[in-house]
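Next comes data.cif, with mmCIF, C-alpha atoms.
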```cif
data_final
loop_
_atom_site.label_atom_id
_atom_site.label_comp_id
_atom_site.auth_asym_id
_atom_site.auth_seq_id
_atom_site.Cartn_x
_atom_site.Cartn_y
_atom_site.Cartn_z
CA MET Y 1 30.72 110.53 222.94
CA ARG Y 2 29.58 107.48 224.91
CA GLN Y 3 31.74 104.59 226.05
CA GLU Y 4 29.76 101.40 225.35
CA GLN Y 5 30.43 97.74 224.73
CA THR Y 6 27.06 97.03 223.10
CA PRO Y 7 25.96 98.92 219.95
CA SER Y 8 23.04 101.23 220.75
CA PHE Y 9 22.55 102.96 217.40
CA LYS Y 10 20.39 101.31 214.77
CA VAL Y 11 19.95 102.23 211.09
CA GLU Y 12 16.91 100.83 209.29
CA THR Y 13 17.78 100.92 205.58
CA THR Y 14 14.34 99.78 204.42
CA LEU Y 15 12.69 102.76 206.13
CA ASN Y 16 15.56 105.25 205.70
CA CYS Y 17 15.60 106.05 209.41
CA TRP Y 18 17.71 105.67 212.57
CA TYR Y 19 17.22 105.24 216.31
CA ASP Y 20 19.63 105.89 219.19
CA PHE Y 21 18.64 103.73 222.17
CA GLY Y 22 20.99 105.69 224.43
CA LEU Y 23 19.27 108.99 223.66
CA GLY Y 24 15.82 107.54 223.15
CA LYS Y 25 15.55 109.47 219.90
CA GLY Y 26 15.36 108.67 216.21
CA GLY Y 27 14.18 109.96 212.87
CA ASN Y 28 15.43 110.76 209.38
CA LEU Y 29 18.61 112.34 208.02
CA ILE Y 30 17.64 115.88 209.05
CA ASP Y 31 16.79 114.74 212.59
CA LEU Y 32 20.24 113.14 212.81
CA ALA Y 33 21.97 116.30 211.59
CA THR Y 34 19.97 118.37 214.08
CA GLU Y 35 21.30 116.21 216.93
CA LEU Y 36 24.87 116.17 215.63
CA TYR Y 37 25.22 119.87 214.88
CA GLN Y 38 22.81 121.23 217.51
CA SER Y 39 20.96 123.47 215.09
CA THR Y 40 17.56 123.73 213.38
CA ASP Y 41 18.81 125.94 210.53
CA LEU Y 42 18.14 123.79 207.46
CA ARG Y 43 20.66 125.50 205.20
CA TYR Y 44 23.41 125.16 207.81
CA LEU Y 45 22.51 121.49 208.32
CA MET Y 46 22.63 120.84 204.57
CA ARG Y 47 26.13 122.32 204.40
CA CYS Y 48 27.24 120.19 207.34
CA ILE Y 49 25.81 117.06 205.71
CA ALA Y 50 27.54 117.80 202.42
CA ASN Y 51 30.88 118.42 204.17
CA SER Y 52 30.60 115.29 206.32
CA TYR Y 53 29.74 112.93 203.50
CA PRO Y 54 31.95 113.54 200.45
CA VAL Y 55 30.94 111.45 197.47
CA PRO Y 56 33.65 110.32 195.01
CA SER Y 57 33.40 112.23 191.75
CA VAL Y 58 32.60 109.96 188.84
CA GLN Y 59 31.62 110.70 185.29
CA THR Y 60 28.66 108.36 185.31
CA VAL Y 61 27.22 105.87 187.78
CA ALA Y 62 24.96 103.24 186.25
CA SER Y 63 22.55 100.97 188.09
CA SER Y 64 21.70 97.34 187.45
CA TYR Y 65 18.57 98.29 185.49
CA PRO Y 66 18.44 97.19 181.84
CA GLN Y 67 20.64 99.50 179.78
CA ARG Y 68 21.05 100.10 176.09
CA HIS Y 69 24.65 101.17 176.33
CA SER Y 70 27.77 101.44 178.44
CA ALA Y 71 27.10 104.61 180.45
CA PRO Y 72 30.72 105.48 181.42
CA SER Y 73 31.64 106.25 177.78
CA MET Y 74 29.41 109.29 177.20
CA GLU Y 75 30.95 111.39 174.44
CA ARG Y 76 28.85 114.53 174.86
CA PHE Y 77 26.15 115.78 177.20
CA ASP Y 78 23.62 118.55 176.55
CA VAL Y 79 20.71 119.62 178.76
CA VAL Y 80 17.64 121.39 177.32
CA PRO Y 81 14.07 122.05 178.51
CA LEU Y 82 11.95 118.90 178.74
CA GLU Y 83 9.87 118.66 175.56
CA HIS Y 84 10.39 115.22 173.98
CA ARG Y 85 7.05 113.44 173.74
CA ALA Y 86 8.52 110.03 174.61
CA LEU Y 87 10.03 111.33 177.86
CA VAL Y 88 6.91 113.26 178.84
CA ALA Y 89 4.83 110.14 178.11
CA TYR Y 90 7.22 108.03 180.23
CA LEU Y 91 6.68 110.31 183.23
CA GLN Y 92 2.92 110.48 182.62
CA GLU Y 93 2.81 106.68 182.72
CA ARG Y 94 4.39 106.97 186.17
CA GLY Y 95 1.67 109.37 187.28
CA ILE Y 96 3.54 112.64 186.72
CA PRO Y 97 1.49 115.27 184.82
CA ALA Y 98 3.23 117.04 181.94
CA HIS Y 99 3.11 120.49 183.58
CA ILE Y 100 4.91 119.22 186.70
CA ALA Y 101 7.43 117.22 184.67
CA LYS Y 102 8.32 120.20 182.47
CA ALA Y 103 8.57 122.56 185.45
CA LYS Y 104 10.88 120.35 187.53
CA CYS Y 105 12.86 118.26 185.04
CA LYS Y 106 15.13 118.77 182.06
CA GLU Y 107 15.95 116.73 178.98
CA ALA Y 108 19.45 115.37 178.47
CA HIS Y 109 20.95 114.36 175.11
CA TYR Y 110 24.17 112.38 175.03
CA GLY Y 111 26.23 110.21 172.72
CA VAL Y 112 27.68 106.76 173.34
CA ASN Y 113 29.84 104.93 170.81
CA GLY Y 114 28.63 107.16 168.02
CA LYS Y 115 24.92 106.72 168.84
CA SER Y 116 22.56 109.34 170.29
CA TYR Y 117 20.36 108.85 173.36
CA PHE Y 118 18.11 110.99 175.54
CA ALA Y 119 16.70 110.86 179.07
CA VAL Y 120 14.83 112.81 181.71
CA ALA Y 121 17.38 114.78 183.75
CA PHE Y 122 17.12 116.02 187.35
CA ASP Y 123 19.97 118.04 188.87
CA ASN Y 124 21.60 117.83 192.31
CA ILE Y 125 23.48 120.32 194.49
CA SER Y 126 26.88 119.29 193.07
CA GLY Y 127 25.94 119.94 189.44
CA GLY Y 128 25.34 116.26 188.67
CA TRP Y 129 22.29 114.86 186.90
CA GLU Y 130 20.05 111.88 187.66
CA LEU Y 131 19.02 110.29 184.35
CA ARG Y 132 15.92 108.19 183.65
CA ASN Y 133 14.11 106.72 180.66
CA ARG Y 134 12.33 103.45 179.99
CA TYR Y 135 15.59 101.59 179.45
CA PHE Y 136 18.17 103.32 181.60
CA LYS Y 137 18.67 104.51 185.17
CA GLY Y 138 21.91 106.23 186.17
CA CYS Y 139 23.58 109.58 186.63
CA ARG Y 140 26.02 111.96 185.01
CA GLY Y 141 28.62 113.80 187.11
CA ARG Y 142 28.91 113.76 190.88
CA LYS Y 143 26.31 111.80 192.87
CA ASP Y 144 24.70 113.98 195.55
CA ILE Y 145 21.43 115.06 197.14
CA SER Y 146 19.03 117.59 195.64
CA TYR Y 147 17.63 120.49 197.67
CA LEU Y 148 14.53 122.35 196.47
CA PRO Y 149 13.37 125.31 198.58
CA TRP Y 150 9.64 125.98 198.39
CA SER Y 151 10.18 129.75 198.34
CA ARG Y 152 12.97 132.12 197.36
CA ASP Y 153 12.22 134.24 200.44
CA GLY Y 154 14.09 131.88 202.76
CA PRO Y 155 13.99 128.35 204.18
CA SER Y 156 10.63 126.93 205.20
CA THR Y 157 9.84 125.80 208.73
CA GLU Y 158 9.11 122.33 207.29
CA CYS Y 159 11.12 119.99 205.09
CA THR Y 160 10.05 116.82 203.28
CA VAL Y 161 12.59 114.09 202.46
CA PHE Y 162 12.34 111.75 199.47
CA GLU Y 163 14.42 108.76 198.36
CA GLY Y 164 14.37 109.73 194.66
CA PHE Y 165 13.13 112.48 192.40
CA ILE Y 166 10.25 110.39 191.02
CA ASP Y 167 8.91 110.16 194.59
CA TYR Y 168 9.17 113.95 194.87
CA LEU Y 169 7.34 114.50 191.58
CA SER Y 170 4.65 112.04 192.66
CA ALA Y 171 4.12 113.96 195.90
CA LEU Y 172 3.70 117.16 193.91
CA ALA Y 173 1.22 115.43 191.61
CA LEU Y 174 -0.79 114.21 194.59
CA GLY Y 175 -0.70 117.63 196.23
CA ILE Y 176 0.52 116.24 199.55
CA ILE Y 177 3.33 118.77 200.05
CA SER Y 178 2.78 122.50 200.17
CA GLY Y 179 4.93 125.20 201.71
CA ALA Y 180 7.71 122.76 202.64
CA ASP Y 181 11.27 122.58 201.34
CA ALA Y 182 12.30 119.25 199.80
CA ILE Y 183 15.45 117.14 200.06
CA ILE Y 184 15.93 114.25 197.65
CA LEU Y 185 18.47 111.73 198.91
CA GLN Y 186 19.08 109.82 195.63
CA CYS Y 187 19.90 106.19 196.36
CA HIS Y 188 19.76 105.87 200.16
CA GLN Y 189 22.43 108.50 200.88
CA GLY Y 190 20.73 109.27 204.18
CA CYS Y 191 21.34 105.83 205.65
CA ALA Y 192 24.83 105.71 204.16
CA LEU Y 193 25.60 108.97 205.96
CA SER Y 194 24.39 107.77 209.35
CA GLN Y 195 26.30 104.48 208.99
CA ARG Y 196 29.45 106.42 208.06
CA LEU Y 197 29.15 108.68 211.13
CA TYR Y 198 28.61 105.70 213.42
CA ARG Y 199 31.63 103.82 212.09
CA HIS Y 200 33.83 106.86 212.72
CA GLN Y 201 32.33 107.40 216.23
CA LEU Y 202 30.98 110.85 215.36
CA LEU Y 203 27.64 110.21 217.01
CA PRO Y 204 26.93 111.77 220.43
#
```

Can I see the file as structure tokens?
Amino acid sequence: MRQEQTPSFKVETTLNCWYDFGLGKGGNLIDLATELYQSTDLRYLMRCIANSYPVPSVQTVASSYPQRHSAPSMERFDVVPLEHRALVAYLQERGIPAHIAKAKCKEAHYGVNGKSYFAVAFDNISGGWELRNRYFKGCRGRKDISYLPWSRDGPSTECTVFEGFIDYLSALALGIISGADAIILQCHQGCALSQRLYRHQLLP
């Protein structure tokens, strides 16, 4: 804990990064957790991050994107393997091949005001689901990060961080990540975490 009159910790929301002028160090969310908790164990850091940044539990969080319906009034919610041609085509239009989409995503079916809808679904570590289709962007359940280990044998020595799951799928499609675990922040949670810690004077 430092006693200062002038703020020396900067969060750059457009780049999803931070810099501490007092320490002369900066980086992403994982770099911040490494400094705070003095560890390089990724699984331990993920638990610390989750415990330090509780997210209010909501049934559905909808964005300002064009929507067909009022998301908070979902009457049912079922998740099945991704097969619907319209959803696969939607992801292909965004550069995601069908084999990657089907391996990493699911298909959600839900009802709103007596009508049926469907969307691409991507889960997070709290059991919530990010939902996407051509007309809707939102989530079902608790908003949280997603963690995808590269191997079941244990954590990798490298970790890649993405803002959203479409970015992660794009990286897989381009073949630019291999052998590295992945963390998907979902809606700038990384910067929100660092700002929260700074406000509560939890930074070193």

*How far is it from atom CA of Ser52 of chain Y to atom CA of Ser8 of chain Y, in Å with one decimal?*
21.5 Å

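Between atom CA of Trp150 of chain Y and atom CA of Ile176 of chain Y the interatomic distance comes to 13.4 Å.
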
*Residues picked by the PyMOL selection byres ((chain Y and resi 134) around 9) here, as number ranges by chain?*
Y: 66, 87, 90, 119, 132-133, 135-137

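Closest approach to Ile49 of chain Y from the set Y:Thr160, Y:Ile166, Y:Tyr147, Y:Gly128 is made by Y:Tyr147, with distances taken over only C-alpha atoms.
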
*Distance atom CA of Asp167 of chain Y-atom CA of Val79 of chain Y, one decimal place?*
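Going from atom CA of Asp167 of chain Y over to atom CA of Val79 of chain Y covers 21.9 Å.
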
*Resolved residues for the PyMOL selection byres ((chain Y and resi 34) around 12) as a ChimeraX atom specification*: /Y:25-33,35-46,48-49,203-204

*Identify all residues satisfying the PyMOL selection byres ((chain Y and resi 104) around 10) in the given file; provide them as a count of residues only.*
16

_Taking (12.8, 128.1, 198.5) in the coordinates of the supplied file, I want to know which residues reach to within 12 Å of it, counting only C-alpha atoms; could you give the answer as number ranges by chain?_
Y: 42-43, 147-159, 178-183
